[in-house]
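Asks: Quick one: structure below, then a few questions.
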Amino acid sequence: MARRETPAAGPGSRALIVDVIRSAASISRVELAERTGLTQPSISNIVRDLIADGIVHETGSVGSARGKPRQLLALTPATRFGIGFQLGPETVTCVAIDLTGGVVGRQVVPLDDSELADQLAERFDDFMLDLDLPRDRIEGLAVVAPAAPPSDREGRPEWASARRALAERLGIPVLVENDAAAAALGEFWTRRVSREQAFGSVYLSAGVGAGLVFGGALFRGASFDAGELGHMSIVYDGLPCPCGNRGCVERYASMTATVDAARAAGLALEQKTVFSAYDAIAQAAVSGDPDAFAVVDQAAGYLSVAVTSMVNLLDLGRVVLTGPGMAIAGSIYARRLRAHLAATAHARYRHEIVVELSAQPRDAAGIGAAALVVQASIAPGHTAGMPGADER
């Protein structure tokens, strides 16, 4: 590989080196040069700065056939932390992670109707007191919530003022993102996925979303709206959708659609919310109830059609299933998707398409929010153009 001082494209040499160290867990400077194409002097200078900043440290060594052992480099977990707030219908899930994506704190607290910025600032202060982390090691806060509905032409303009108010009150950078995109970044970061891999995740909740990571960075699209998998049509003359299309997968495979299908099939559901009713259906399905299983399996089949189209379009090599809809019955969705990809994926004979379940599907968006902060801090450039990212 020809040596170069900076990558031909991408967010920069520093971000490139951080990404390679993150995905490798530990790696030598020689291997960094081989994998990045950067010159040894460039590697030495950037690594020296990363060590001085406390982001990277030397950890052990490996033998070398040509002389002295090579020192291994790894991220230093506890020197900096990212905080993520995942907004739900009635609660805020607060998550703190270290530089490697390890969760060091989690709380679920009520969300009421009071002014959003003040409420979140109070939640942040309380969370910090409970965690007892040094305030100067907190790199920022990211707040994530479901994407605005298609009928909302303005997006969600209140987020801009709420973000600015939060940043001013807390004195740290504040980012905002939708939950599906954040979950994808969190899975990418904590799983140590290589930046060379085309990576996607599917977020099953009251709606259906997806997140895509290419070259180590979230792909957001022209208006930060990429990943609206829920509005991919799988039935051209199917059910009408609020987005104006017909047959959107969200109308057939979301948690909301599955609850509606269960009630239409005569399943007795006493739970008042979509989330609790869906959990009851999912629990019955994995416990052997044939009627509940049929409803969930049908939803999984619909979702598999849409995800396969996404995989075909983008030539993805790895897909993670996450979100609250995967917490109980994720194995049903994974089995369906693997079978569908094995039979119909366009690239199935050229490369493996790995399908995995999230280890923490209910908290995935909160973890991903915190990962956004960590990435913006130690691998700047990935978050270019993101609300709040220019305040660092």
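Naming works like this for the structure tokens: A, B, ... for the chains as they're shown, residue 1 at the start of each chain, ligands 1 onward in shown order.
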What are the DSSP helix (DSSP H, G or I) residues of region 82-278 of chain A, as a ChimeraX atom specification?

Replies: /A:116-131,135-137,158-170,179-190,229-231,250-253,255-264,274-278

Asks: Env of Gly84 (chain A): 9 Å cut, atoms = only C-alpha atoms, seq-sep filter 6 positions within chain, self excluded. Answer as a PyMOL selection string.

Replies: chain A and resi 93-97+140-144+365-373

Asks: Write a file of the selected residues as a JSON list (two decimals), in the first residue's frame, keeping N, CA and C atoms.

Replies:
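Result went into again36.json, see below:
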```json
[["chain", "number", "residue", "atom", "x", "y", "z"],
["A", 93, "THR", "N", -34.01, 7.34, 29.68],
["A", 93, "THR", "CA", -32.97, 6.39, 30.04],
["A", 93, "THR", "C", -31.64, 7.11, 29.95],
["A", 94, "CYS", "N", -30.95, 7.21, 31.06],
["A", 94, "CYS", "CA", -29.67, 7.91, 31.14],
["A", 94, "CYS", "C", -28.54, 6.88, 31.15],
["A", 95, "VAL", "N", -27.57, 7.03, 30.25],
["A", 95, "VAL", "CA", -26.49, 6.06, 30.11],
["A", 95, "VAL", "C", -25.16, 6.80, 30.08],
["A", 96, "ALA", "N", -24.17, 6.25, 30.75],
["A", 96, "ALA", "CA", -22.80, 6.75, 30.67],
["A", 96, "ALA", "C", -21.90, 5.63, 30.18],
["A", 97, "ILE", "N", -21.01, 5.94, 29.23],
["A", 97, "ILE", "CA", -20.07, 4.94, 28.73],
["A", 97, "ILE", "C", -18.65, 5.49, 28.78],
["A", 140, "GLY", "N", -19.54, 15.36, 26.97],
["A", 140, "GLY", "CA", -20.74, 15.95, 26.41],
["A", 140, "GLY", "C", -21.95, 15.08, 26.66],
["A", 141, "LEU", "N", -23.08, 15.56, 26.17],
["A", 141, "LEU", "CA", -24.37, 14.88, 26.30],
["A", 141, "LEU", "C", -25.00, 14.78, 24.91],
["A", 142, "ALA", "N", -25.55, 13.62, 24.60],
["A", 142, "ALA", "CA", -26.35, 13.48, 23.38],
["A", 142, "ALA", "C", -27.75, 13.02, 23.78],
["A", 143, "VAL", "N", -28.74, 13.65, 23.19],
["A", 143, "VAL", "CA", -30.14, 13.34, 23.47],
["A", 143, "VAL", "C", -30.75, 12.75, 22.21],
["A", 144, "VAL", "N", -31.38, 11.58, 22.36],
["A", 144, "VAL", "CA", -31.96, 10.91, 21.19],
["A", 144, "VAL", "C", -33.43, 10.61, 21.46],
["A", 365, "ALA", "N", -30.31, 2.73, 22.06],
["A", 365, "ALA", "CA", -30.28, 4.13, 21.61],
["A", 365, "ALA", "C", -29.58, 5.02, 22.62],
["A", 366, "GLY", "N", -29.77, 4.73, 23.91],
["A", 366, "GLY", "CA", -29.07, 5.51, 24.93],
["A", 366, "GLY", "C", -27.57, 5.28, 24.90],
["A", 367, "ILE", "N", -27.17, 4.02, 24.74],
["A", 367, "ILE", "CA", -25.74, 3.70, 24.61],
["A", 367, "ILE", "C", -25.18, 4.36, 23.36],
["A", 368, "GLY", "N", -25.95, 4.31, 22.28],
["A", 368, "GLY", "CA", -25.51, 4.94, 21.04],
["A", 368, "GLY", "C", -25.38, 6.44, 21.17],
["A", 369, "ALA", "N", -26.28, 7.06, 21.94],
["A", 369, "ALA", "CA", -26.18, 8.50, 22.17],
["A", 369, "ALA", "C", -24.86, 8.84, 22.85],
["A", 370, "ALA", "N", -24.53, 8.06, 23.88],
["A", 370, "ALA", "CA", -23.26, 8.29, 24.57],
["A", 370, "ALA", "C", -22.07, 8.02, 23.65],
["A", 371, "ALA", "N", -22.21, 7.04, 22.76],
["A", 371, "ALA", "CA", -21.14, 6.74, 21.81],
["A", 371, "ALA", "C", -20.94, 7.89, 20.83],
["A", 372, "LEU", "N", -22.02, 8.59, 20.47],
["A", 372, "LEU", "CA", -21.90, 9.77, 19.61],
["A", 372, "LEU", "C", -20.97, 10.80, 20.25],
["A", 373, "VAL", "N", -21.14, 10.99, 21.56],
["A", 373, "VAL", "CA", -20.31, 11.95, 22.29],
["A", 373, "VAL", "C", -18.85, 11.51, 22.28]]
```

Asks: Please give the complete set of residues from region 22-206 of chain A that DSSP, run on the backbone, assigns to strand (DSSP E), formatted as a PDB file with N, CA, C and O atoms, in the first residue's frame.

Replies:
```
ATOM      1  N   ILE A  27      -3.118  -2.982  19.138  1.00  0.00           N
ATOM      2  CA  ILE A  27      -2.431  -3.051  17.852  1.00  0.00           C
ATOM      3  C   ILE A  27      -1.105  -2.306  17.963  1.00  0.00           C
ATOM      4  O   ILE A  27      -0.975  -1.354  18.743  1.00  0.00           O
ATOM      5  N   SER A  28      -0.121  -2.725  17.190  1.00  0.00           N
ATOM      6  CA  SER A  28       1.184  -2.055  17.207  1.00  0.00           C
ATOM      7  C   SER A  28       1.221  -0.911  16.196  1.00  0.00           C
ATOM      8  O   SER A  28       0.387  -0.825  15.297  1.00  0.00           O
ATOM      9  N   VAL A  56      -5.122   7.096  24.348  1.00  0.00           N
ATOM     10  CA  VAL A  56      -4.475   5.824  24.025  1.00  0.00           C
ATOM     11  C   VAL A  56      -3.354   5.571  25.024  1.00  0.00           C
ATOM     12  O   VAL A  56      -2.743   6.519  25.538  1.00  0.00           O
ATOM     13  N   HIS A  57      -3.077   4.308  25.319  1.00  0.00           N
ATOM     14  CA  HIS A  57      -1.934   3.963  26.163  1.00  0.00           C
ATOM     15  C   HIS A  57      -1.243   2.727  25.608  1.00  0.00           C
ATOM     16  O   HIS A  57      -1.829   1.977  24.811  1.00  0.00           O
ATOM     17  N   GLU A  58      -0.019   2.526  25.988  1.00  0.00           N
ATOM     18  CA  GLU A  58       0.722   1.331  25.590  1.00  0.00           C
ATOM     19  C   GLU A  58       0.390   0.211  26.567  1.00  0.00           C
ATOM     20  O   GLU A  58       0.380   0.410  27.784  1.00  0.00           O
ATOM     21  N   THR A  59       0.123  -0.972  26.016  1.00  0.00           N
ATOM     22  CA  THR A  59      -0.288  -2.091  26.848  1.00  0.00           C
ATOM     23  C   THR A  59       0.398  -3.361  26.385  1.00  0.00           C
ATOM     24  O   THR A  59      -0.011  -3.967  25.394  1.00  0.00           O
ATOM     25  N   GLY A  60       1.462  -3.745  27.042  1.00  0.00           N
ATOM     26  CA  GLY A  60       2.160  -4.976  26.694  1.00  0.00           C
ATOM     27  C   GLY A  60       2.906  -4.866  25.387  1.00  0.00           C
ATOM     28  O   GLY A  60       3.060  -3.789  24.802  1.00  0.00           O
ATOM     29  N   SER A  61       3.396  -6.012  24.916  1.00  0.00           N
ATOM     30  CA  SER A  61       4.156  -6.043  23.670  1.00  0.00           C
ATOM     31  C   SER A  61       4.023  -7.408  23.025  1.00  0.00           C
ATOM     32  O   SER A  61       3.587  -8.378  23.647  1.00  0.00           O
ATOM     33  N   VAL A  62       4.386  -7.462  21.749  1.00  0.00           N
ATOM     34  CA  VAL A  62       4.398  -8.727  21.010  1.00  0.00           C
ATOM     35  C   VAL A  62       5.781  -8.885  20.381  1.00  0.00           C
ATOM     36  O   VAL A  62       6.459  -7.901  20.070  1.00  0.00           O
ATOM     37  N   GLY A  63       6.170 -10.140  20.197  1.00  0.00           N
ATOM     38  CA  GLY A  63       7.477 -10.398  19.598  1.00  0.00           C
ATOM     39  C   GLY A  63       7.547  -9.960  18.154  1.00  0.00           C
ATOM     40  O   GLY A  63       6.547  -9.873  17.453  1.00  0.00           O
ATOM     41  N   SER A  64       8.748  -9.655  17.699  1.00  0.00           N
ATOM     42  CA  SER A  64       8.978  -9.246  16.318  1.00  0.00           C
ATOM     43  C   SER A  64      10.120 -10.072  15.735  1.00  0.00           C
ATOM     44  O   SER A  64      11.132 -10.312  16.405  1.00  0.00           O
ATOM     45  N   GLY A  67      13.665  -7.828  15.451  1.00  0.00           N
ATOM     46  CA  GLY A  67      14.296  -7.030  16.493  1.00  0.00           C
ATOM     47  C   GLY A  67      13.479  -6.969  17.753  1.00  0.00           C
ATOM     48  O   GLY A  67      12.840  -7.941  18.152  1.00  0.00           O
ATOM     49  N   LYS A  68      13.459  -5.793  18.387  1.00  0.00           N
ATOM     50  CA  LYS A  68      12.827  -5.664  19.690  1.00  0.00           C
ATOM     51  C   LYS A  68      11.315  -5.833  19.582  1.00  0.00           C
ATOM     52  O   LYS A  68      10.718  -5.597  18.519  1.00  0.00           O
ATOM     53  N   PRO A  69      10.669  -6.252  20.680  1.00  0.00           N
ATOM     54  CA  PRO A  69       9.212  -6.440  20.675  1.00  0.00           C
ATOM     55  C   PRO A  69       8.484  -5.145  20.327  1.00  0.00           C
ATOM     56  O   PRO A  69       8.956  -4.043  20.610  1.00  0.00           O
ATOM     57  N   ARG A  70       7.310  -5.286  19.711  1.00  0.00           N
ATOM     58  CA  ARG A  70       6.492  -4.140  19.348  1.00  0.00           C
ATOM     59  C   ARG A  70       5.525  -3.814  20.489  1.00  0.00           C
ATOM     60  O   ARG A  70       4.829  -4.699  20.997  1.00  0.00           O
ATOM     61  N   GLN A  71       5.450  -2.546  20.858  1.00  0.00           N
ATOM     62  CA  GLN A  71       4.514  -2.098  21.881  1.00  0.00           C
ATOM     63  C   GLN A  71       3.098  -2.053  21.293  1.00  0.00           C
ATOM     64  O   GLN A  71       2.898  -1.559  20.188  1.00  0.00           O
ATOM     65  N   LEU A  72       2.163  -2.567  22.054  1.00  0.00           N
ATOM     66  CA  LEU A  72       0.769  -2.545  21.625  1.00  0.00           C
ATOM     67  C   LEU A  72       0.058  -1.301  22.155  1.00  0.00           C
ATOM     68  O   LEU A  72       0.335  -0.837  23.270  1.00  0.00           O
ATOM     69  N   LEU A  73      -0.857  -0.795  21.365  1.00  0.00           N
ATOM     70  CA  LEU A  73      -1.635   0.387  21.725  1.00  0.00           C
ATOM     71  C   LEU A  73      -3.097   0.005  21.915  1.00  0.00           C
ATOM     72  O   LEU A  73      -3.626  -0.845  21.198  1.00  0.00           O
ATOM     73  N   ALA A  74      -3.755   0.649  22.879  1.00  0.00           N
ATOM     74  CA  ALA A  74      -5.179   0.415  23.122  1.00  0.00           C
ATOM     75  C   ALA A  74      -5.811   1.700  23.621  1.00  0.00           C
ATOM     76  O   ALA A  74      -5.121   2.597  24.136  1.00  0.00           O
ATOM     77  N   LEU A  75      -7.136   1.806  23.462  1.00  0.00           N
ATOM     78  CA  LEU A  75      -7.838   2.945  24.040  1.00  0.00           C
ATOM     79  C   LEU A  75      -7.780   2.863  25.560  1.00  0.00           C
ATOM     80  O   LEU A  75      -7.801   1.777  26.144  1.00  0.00           O
ATOM     81  N   PHE A  81     -15.635  10.222  29.330  1.00  0.00           N
ATOM     82  CA  PHE A  81     -16.926   9.544  29.340  1.00  0.00           C
ATOM     83  C   PHE A  81     -17.928  10.322  28.483  1.00  0.00           C
ATOM     84  O   PHE A  81     -17.849  11.545  28.362  1.00  0.00           O
ATOM     85  N   GLY A  82     -18.853   9.595  27.893  1.00  0.00           N
ATOM     86  CA  GLY A  82     -19.950  10.200  27.152  1.00  0.00           C
ATOM     87  C   GLY A  82     -21.256   9.888  27.845  1.00  0.00           C
ATOM     88  O   GLY A  82     -21.441   8.798  28.398  1.00  0.00           O
ATOM     89  N   ILE A  83     -22.184  10.837  27.813  1.00  0.00           N
ATOM     90  CA  ILE A  83     -23.494  10.659  28.443  1.00  0.00           C
ATOM     91  C   ILE A  83     -24.569  10.674  27.347  1.00  0.00           C
ATOM     92  O   ILE A  83     -24.555  11.552  26.472  1.00  0.00           O
ATOM     93  N   GLY A  84     -25.482   9.727  27.411  1.00  0.00           N
ATOM     94  CA  GLY A  84     -26.579   9.656  26.454  1.00  0.00           C
ATOM     95  C   GLY A  84     -27.915   9.631  27.166  1.00  0.00           C
ATOM     96  O   GLY A  84     -28.082   8.918  28.161  1.00  0.00           O
ATOM     97  N   PHE A  85     -28.866  10.414  26.664  1.00  0.00           N
ATOM     98  CA  PHE A  85     -30.236  10.405  27.172  1.00  0.00           C
ATOM     99  C   PHE A  85     -31.153   9.888  26.063  1.00  0.00           C
ATOM    100  O   PHE A  85     -31.209  10.474  24.975  1.00  0.00           O
ATOM    101  N   GLN A  86     -31.851   8.813  26.349  1.00  0.00           N
ATOM    102  CA  GLN A  86     -32.803   8.232  25.403  1.00  0.00           C
ATOM    103  C   GLN A  86     -34.213   8.583  25.879  1.00  0.00           C
ATOM    104  O   GLN A  86     -34.660   8.131  26.929  1.00  0.00           O
ATOM    105  N   LEU A  87     -34.922   9.397  25.097  1.00  0.00           N
ATOM    106  CA  LEU A  87     -36.259   9.842  25.483  1.00  0.00           C
ATOM    107  C   LEU A  87     -37.307   8.835  25.016  1.00  0.00           C
ATOM    108  O   LEU A  87     -37.387   8.498  23.841  1.00  0.00           O
ATOM    109  N   THR A  91     -40.434   8.166  29.986  1.00  0.00           N
ATOM    110  CA  THR A  91     -39.202   8.053  30.763  1.00  0.00           C
ATOM    111  C   THR A  91     -38.001   8.565  29.975  1.00  0.00           C
ATOM    112  O   THR A  91     -38.046   8.708  28.757  1.00  0.00           O
ATOM    113  N   VAL A  92     -36.926   8.816  30.718  1.00  0.00           N
ATOM    114  CA  VAL A  92     -35.628   9.111  30.130  1.00  0.00           C
ATOM    115  C   VAL A  92     -34.662   8.035  30.622  1.00  0.00           C
ATOM    116  O   VAL A  92     -34.524   7.833  31.822  1.00  0.00           O
ATOM    117  N   THR A  93     -34.015   7.345  29.685  1.00  0.00           N
ATOM    118  CA  THR A  93     -32.972   6.392  30.045  1.00  0.00           C
ATOM    119  C   THR A  93     -31.638   7.108  29.950  1.00  0.00           C
ATOM    120  O   THR A  93     -31.259   7.581  28.881  1.00  0.00           O
ATOM    121  N   CYS A  94     -30.949   7.209  31.061  1.00  0.00           N
ATOM    122  CA  CYS A  94     -29.667   7.908  31.139  1.00  0.00           C
ATOM    123  C   CYS A  94     -28.539   6.880  31.154  1.00  0.00           C
ATOM    124  O   CYS A  94     -28.563   5.952  31.966  1.00  0.00           O
ATOM    125  N   VAL A  95     -27.575   7.030  30.248  1.00  0.00           N
ATOM    126  CA  VAL A  95     -26.493   6.062  30.113  1.00  0.00           C
ATOM    127  C   VAL A  95     -25.157   6.798  30.078  1.00  0.00           C
ATOM    128  O   VAL A  95     -25.042   7.841  29.433  1.00  0.00           O
ATOM    129  N   ALA A  96     -24.166   6.250  30.745  1.00  0.00           N
ATOM    130  CA  ALA A  96     -22.797   6.754  30.668  1.00  0.00           C
ATOM    131  C   ALA A  96     -21.899   5.634  30.182  1.00  0.00           C
ATOM    132  O   ALA A  96     -22.023   4.487  30.639  1.00  0.00           O
ATOM    133  N   ILE A  97     -21.012   5.939  29.227  1.00  0.00           N
ATOM    134  CA  ILE A  97     -20.069   4.937  28.733  1.00  0.00           C
ATOM    135  C   ILE A  97     -18.650   5.493  28.782  1.00  0.00           C
ATOM    136  O   ILE A  97     -18.437   6.711  28.779  1.00  0.00           O
ATOM    137  N   VAL A 103     -20.511   0.317  29.485  1.00  0.00           N
ATOM    138  CA  VAL A 103     -21.502   1.074  30.255  1.00  0.00           C
ATOM    139  C   VAL A 103     -21.032   1.185  31.704  1.00  0.00           C
ATOM    140  O   VAL A 103     -20.786   0.177  32.371  1.00  0.00           O
ATOM    141  N   VAL A 104     -20.914   2.408  32.200  1.00  0.00           N
ATOM    142  CA  VAL A 104     -20.467   2.631  33.576  1.00  0.00           C
ATOM    143  C   VAL A 104     -21.588   3.174  34.460  1.00  0.00           C
ATOM    144  O   VAL A 104     -21.399   3.310  35.680  1.00  0.00           O
ATOM    145  N   GLY A 105     -22.743   3.468  33.874  1.00  0.00           N
ATOM    146  CA  GLY A 105     -23.875   3.940  34.661  1.00  0.00           C
ATOM    147  C   GLY A 105     -25.146   3.943  33.842  1.00  0.00           C
ATOM    148  O   GLY A 105     -25.114   4.155  32.629  1.00  0.00           O
ATOM    149  N   ARG A 106     -26.274   3.672  34.517  1.00  0.00           N
ATOM    150  CA  ARG A 106     -27.572   3.647  33.839  1.00  0.00           C
ATOM    151  C   ARG A 106     -28.664   3.976  34.845  1.00  0.00           C
ATOM    152  O   ARG A 106     -28.660   3.480  35.962  1.00  0.00           O
ATOM    153  N   GLN A 107     -29.597   4.828  34.438  1.00  0.00           N
ATOM    154  CA  GLN A 107     -30.774   5.141  35.241  1.00  0.00           C
ATOM    155  C   GLN A 107     -31.963   5.311  34.318  1.00  0.00           C
ATOM    156  O   GLN A 107     -31.817   5.755  33.171  1.00  0.00           O
ATOM    157  N   VAL A 108     -33.132   4.960  34.795  1.00  0.00           N
ATOM    158  CA  VAL A 108     -34.380   5.264  34.096  1.00  0.00           C
ATOM    159  C   VAL A 108     -35.211   6.129  35.026  1.00  0.00           C
ATOM    160  O   VAL A 108     -35.514   5.723  36.153  1.00  0.00           O
ATOM    161  N   VAL A 109     -35.541   7.335  34.566  1.00  0.00           N
ATOM    162  CA  VAL A 109     -36.253   8.301  35.406  1.00  0.00           C
ATOM    163  C   VAL A 109     -37.472   8.819  34.654  1.00  0.00           C
ATOM    164  O   VAL A 109     -37.534   8.763  33.416  1.00  0.00           O
ATOM    165  N   PRO A 110     -38.468   9.327  35.372  1.00  0.00           N
ATOM    166  CA  PRO A 110     -39.691   9.808  34.715  1.00  0.00           C
ATOM    167  C   PRO A 110     -39.439  11.027  33.835  1.00  0.00           C
ATOM    168  O   PRO A 110     -38.556  11.836  34.101  1.00  0.00           O
ATOM    169  N   ILE A 138     -16.247  14.465  31.557  1.00  0.00           N
ATOM    170  CA  ILE A 138     -17.477  14.286  30.780  1.00  0.00           C
ATOM    171  C   ILE A 138     -17.352  15.090  29.489  1.00  0.00           C
ATOM    172  O   ILE A 138     -17.219  16.315  29.522  1.00  0.00           O
ATOM    173  N   GLU A 139     -17.386  14.388  28.367  1.00  0.00           N
ATOM    174  CA  GLU A 139     -17.143  15.032  27.075  1.00  0.00           C
ATOM    175  C   GLU A 139     -18.377  15.655  26.446  1.00  0.00           C
ATOM    176  O   GLU A 139     -18.278  16.411  25.484  1.00  0.00           O
ATOM    177  N   GLY A 140     -19.540  15.360  26.975  1.00  0.00           N
ATOM    178  CA  GLY A 140     -20.740  15.947  26.405  1.00  0.00           C
ATOM    179  C   GLY A 140     -21.951  15.079  26.655  1.00  0.00           C
ATOM    180  O   GLY A 140     -21.876  14.017  27.280  1.00  0.00           O
ATOM    181  N   LEU A 141     -23.082  15.563  26.168  1.00  0.00           N
ATOM    182  CA  LEU A 141     -24.367  14.882  26.295  1.00  0.00           C
ATOM    183  C   LEU A 141     -25.000  14.783  24.914  1.00  0.00           C
ATOM    184  O   LEU A 141     -24.982  15.744  24.141  1.00  0.00           O
ATOM    185  N   ALA A 142     -25.547  13.622  24.600  1.00  0.00           N
ATOM    186  CA  ALA A 142     -26.350  13.477  23.381  1.00  0.00           C
ATOM    187  C   ALA A 142     -27.750  13.025  23.777  1.00  0.00           C
ATOM    188  O   ALA A 142     -27.908  12.133  24.619  1.00  0.00           O
ATOM    189  N   VAL A 143     -28.740  13.647  23.187  1.00  0.00           N
ATOM    190  CA  VAL A 143     -30.137  13.342  23.466  1.00  0.00           C
ATOM    191  C   VAL A 143     -30.751  12.745  22.209  1.00  0.00           C
ATOM    192  O   VAL A 143     -30.634  13.319  21.118  1.00  0.00           O
ATOM    193  N   VAL A 144     -31.380  11.576  22.357  1.00  0.00           N
ATOM    194  CA  VAL A 144     -31.962  10.909  21.191  1.00  0.00           C
ATOM    195  C   VAL A 144     -33.430  10.606  21.458  1.00  0.00           C
ATOM    196  O   VAL A 144     -33.837  10.371  22.598  1.00  0.00           O
ATOM    197  N   ALA A 145     -34.203  10.615  20.388  1.00  0.00           N
ATOM    198  CA  ALA A 145     -35.637  10.361  20.461  1.00  0.00           C
ATOM    199  C   ALA A 145     -36.078   9.822  19.106  1.00  0.00           C
ATOM    200  O   ALA A 145     -35.328   9.874  18.126  1.00  0.00           O
ATOM    201  N   VAL A 174     -23.691  19.581  23.457  1.00  0.00           N
ATOM    202  CA  VAL A 174     -24.921  18.787  23.451  1.00  0.00           C
ATOM    203  C   VAL A 174     -25.276  18.452  22.004  1.00  0.00           C
ATOM    204  O   VAL A 174     -25.360  19.350  21.162  1.00  0.00           O
ATOM    205  N   LEU A 175     -25.433  17.173  21.730  1.00  0.00           N
ATOM    206  CA  LEU A 175     -25.797  16.696  20.406  1.00  0.00           C
ATOM    207  C   LEU A 175     -27.222  16.170  20.429  1.00  0.00           C
ATOM    208  O   LEU A 175     -27.743  15.787  21.482  1.00  0.00           O
ATOM    209  N   VAL A 176     -27.876  16.142  19.266  1.00  0.00           N
ATOM    210  CA  VAL A 176     -29.200  15.531  19.141  1.00  0.00           C
ATOM    211  C   VAL A 176     -29.185  14.590  17.945  1.00  0.00           C
ATOM    212  O   VAL A 176     -28.482  14.821  16.957  1.00  0.00           O
ATOM    213  N   GLU A 177     -29.945  13.521  18.058  1.00  0.00           N
ATOM    214  CA  GLU A 177     -29.982  12.512  16.989  1.00  0.00           C
ATOM    215  C   GLU A 177     -31.247  11.679  17.143  1.00  0.00           C
ATOM    216  O   GLU A 177     -31.865  11.667  18.224  1.00  0.00           O
ATOM    217  N   ASN A 178     -31.672  10.997  16.077  1.00  0.00           N
ATOM    218  CA  ASN A 178     -32.806  10.091  16.227  1.00  0.00           C
ATOM    219  C   ASN A 178     -32.330   8.759  16.801  1.00  0.00           C
ATOM    220  O   ASN A 178     -31.159   8.387  16.687  1.00  0.00           O
ATOM    221  N   PHE A 199     -21.947  -1.392   7.498  1.00  0.00           N
ATOM    222  CA  PHE A 199     -22.656  -1.863   8.678  1.00  0.00           C
ATOM    223  C   PHE A 199     -24.017  -1.198   8.794  1.00  0.00           C
ATOM    224  O   PHE A 199     -24.169   0.000   8.547  1.00  0.00           O
ATOM    225  N   GLY A 200     -25.012  -1.976   9.196  1.00  0.00           N
ATOM    226  CA  GLY A 200     -26.338  -1.417   9.415  1.00  0.00           C
ATOM    227  C   GLY A 200     -27.014  -2.058  10.604  1.00  0.00           C
ATOM    228  O   GLY A 200     -26.672  -3.173  11.011  1.00  0.00           O
ATOM    229  N   SER A 201     -27.958  -1.346  11.200  1.00  0.00           N
ATOM    230  CA  SER A 201     -28.771  -1.929  12.254  1.00  0.00           C
ATOM    231  C   SER A 201     -30.232  -1.600  11.985  1.00  0.00           C
ATOM    232  O   SER A 201     -30.548  -0.601  11.328  1.00  0.00           O
ATOM    233  N   VAL A 202     -31.102  -2.445  12.502  1.00  0.00           N
ATOM    234  CA  VAL A 202     -32.543  -2.265  12.369  1.00  0.00           C
ATOM    235  C   VAL A 202     -33.097  -2.036  13.763  1.00  0.00           C
ATOM    236  O   VAL A 202     -32.828  -2.828  14.684  1.00  0.00           O
ATOM    237  N   TYR A 203     -33.856  -0.964  13.934  1.00  0.00           N
ATOM    238  CA  TYR A 203     -34.362  -0.567  15.238  1.00  0.00           C
ATOM    239  C   TYR A 203     -35.875  -0.748  15.251  1.00  0.00           C
ATOM    240  O   TYR A 203     -36.612  -0.008  14.598  1.00  0.00           O
ATOM    241  N   LEU A 204     -36.325  -1.756  16.011  1.00  0.00           N
ATOM    242  CA  LEU A 204     -37.750  -2.065  16.073  1.00  0.00           C
ATOM    243  C   LEU A 204     -38.346  -1.476  17.338  1.00  0.00           C
ATOM    244  O   LEU A 204     -37.975  -1.843  18.443  1.00  0.00           O
TER     245      LEU A 204
END
```

Asks: Any idea what's packed within 6 Å of region 228-234 of chain A, counting only C-alpha atoms, ignoring anything in its chain fewer than 3 positions away? Could you give it as a compact mmCIF listing (two decimals) with all heavy atoms, in the first residue's frame?

Replies:
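Result saved to out-v3.txt:
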```txt
# COMPACT_ATOMS: atom_id res chain seq x y z
N VAL A 208 -40.42 1.65 12.81
CA VAL A 208 -39.28 0.86 12.35
C VAL A 208 -38.25 1.82 11.77
O VAL A 208 -38.57 2.63 10.90
CB VAL A 208 -39.69 -0.17 11.27
CG1 VAL A 208 -38.46 -0.96 10.80
CG2 VAL A 208 -40.75 -1.13 11.80
N GLY A 209 -37.02 1.73 12.25
CA GLY A 209 -35.96 2.59 11.74
C GLY A 209 -34.72 1.78 11.45
O GLY A 209 -34.62 0.60 11.78
N ALA A 210 -33.76 2.42 10.83
CA ALA A 210 -32.47 1.78 10.55
C ALA A 210 -31.38 2.82 10.71
O ALA A 210 -31.61 4.03 10.60
CB ALA A 210 -32.44 1.20 9.15
N GLY A 247 -48.45 0.53 1.78
CA GLY A 247 -47.74 -0.72 2.01
C GLY A 247 -46.41 -0.58 2.71
O GLY A 247 -45.55 -1.45 2.57
N CYS A 248 -46.22 0.49 3.50
CA CYS A 248 -44.95 0.67 4.22
C CYS A 248 -44.78 -0.44 5.25
O CYS A 248 -45.73 -0.84 5.92
CB CYS A 248 -44.91 2.02 4.91
SG CYS A 248 -44.80 3.42 3.78
N VAL A 249 -43.53 -0.87 5.42
CA VAL A 249 -43.27 -1.97 6.34
C VAL A 249 -43.68 -1.61 7.76
O VAL A 249 -44.05 -2.50 8.55
CB VAL A 249 -41.78 -2.39 6.27
CG1 VAL A 249 -40.86 -1.29 6.79
CG2 VAL A 249 -41.54 -3.67 7.05
N GLU A 250 -43.67 -0.34 8.11
CA GLU A 250 -44.09 0.08 9.43
C GLU A 250 -45.53 -0.30 9.73
O GLU A 250 -45.89 -0.55 10.88
CB GLU A 250 -43.88 1.58 9.57
CG GLU A 250 -44.03 2.11 10.98
CD GLU A 250 -43.52 3.52 11.12
OE1 GLU A 250 -42.30 3.72 11.12
OE2 GLU A 250 -44.37 4.44 11.21
```

Asks: Leaving out region 299-316 of chain A and any residue of its chain fewer than 5 positions from it, which residues lie within 10 Å of it when counting only C-alpha atoms, given as a PyMOL selection string?

Replies: chain A and resi 197-202+204+208+210+212-214+227+229-235+248-255+257-258+261+293-294+329-342+344-348+351-354

Asks: For a quick check of understanding, using only C-alpha atoms, which of A:Ala147, A:Leu50, A:Ala78, A:Ala167 has the smallest distance to Leu120 (chain A)?

Replies: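 Nearest to Leu120 (chain A): A:Ala167.
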
Asks: Using only C-alpha atoms, pick whichever of A:Ser161, A:Ser287, A:Ser358, A:Thr256 has the shortest atom-to-atom distance to Phe275 (chain A).

Replies: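 Checking each of A:Ser161, A:Ser287, A:Ser358, A:Thr256 against Phe275 (chain A), counting only C-alpha atoms, the winner is A:Thr256.
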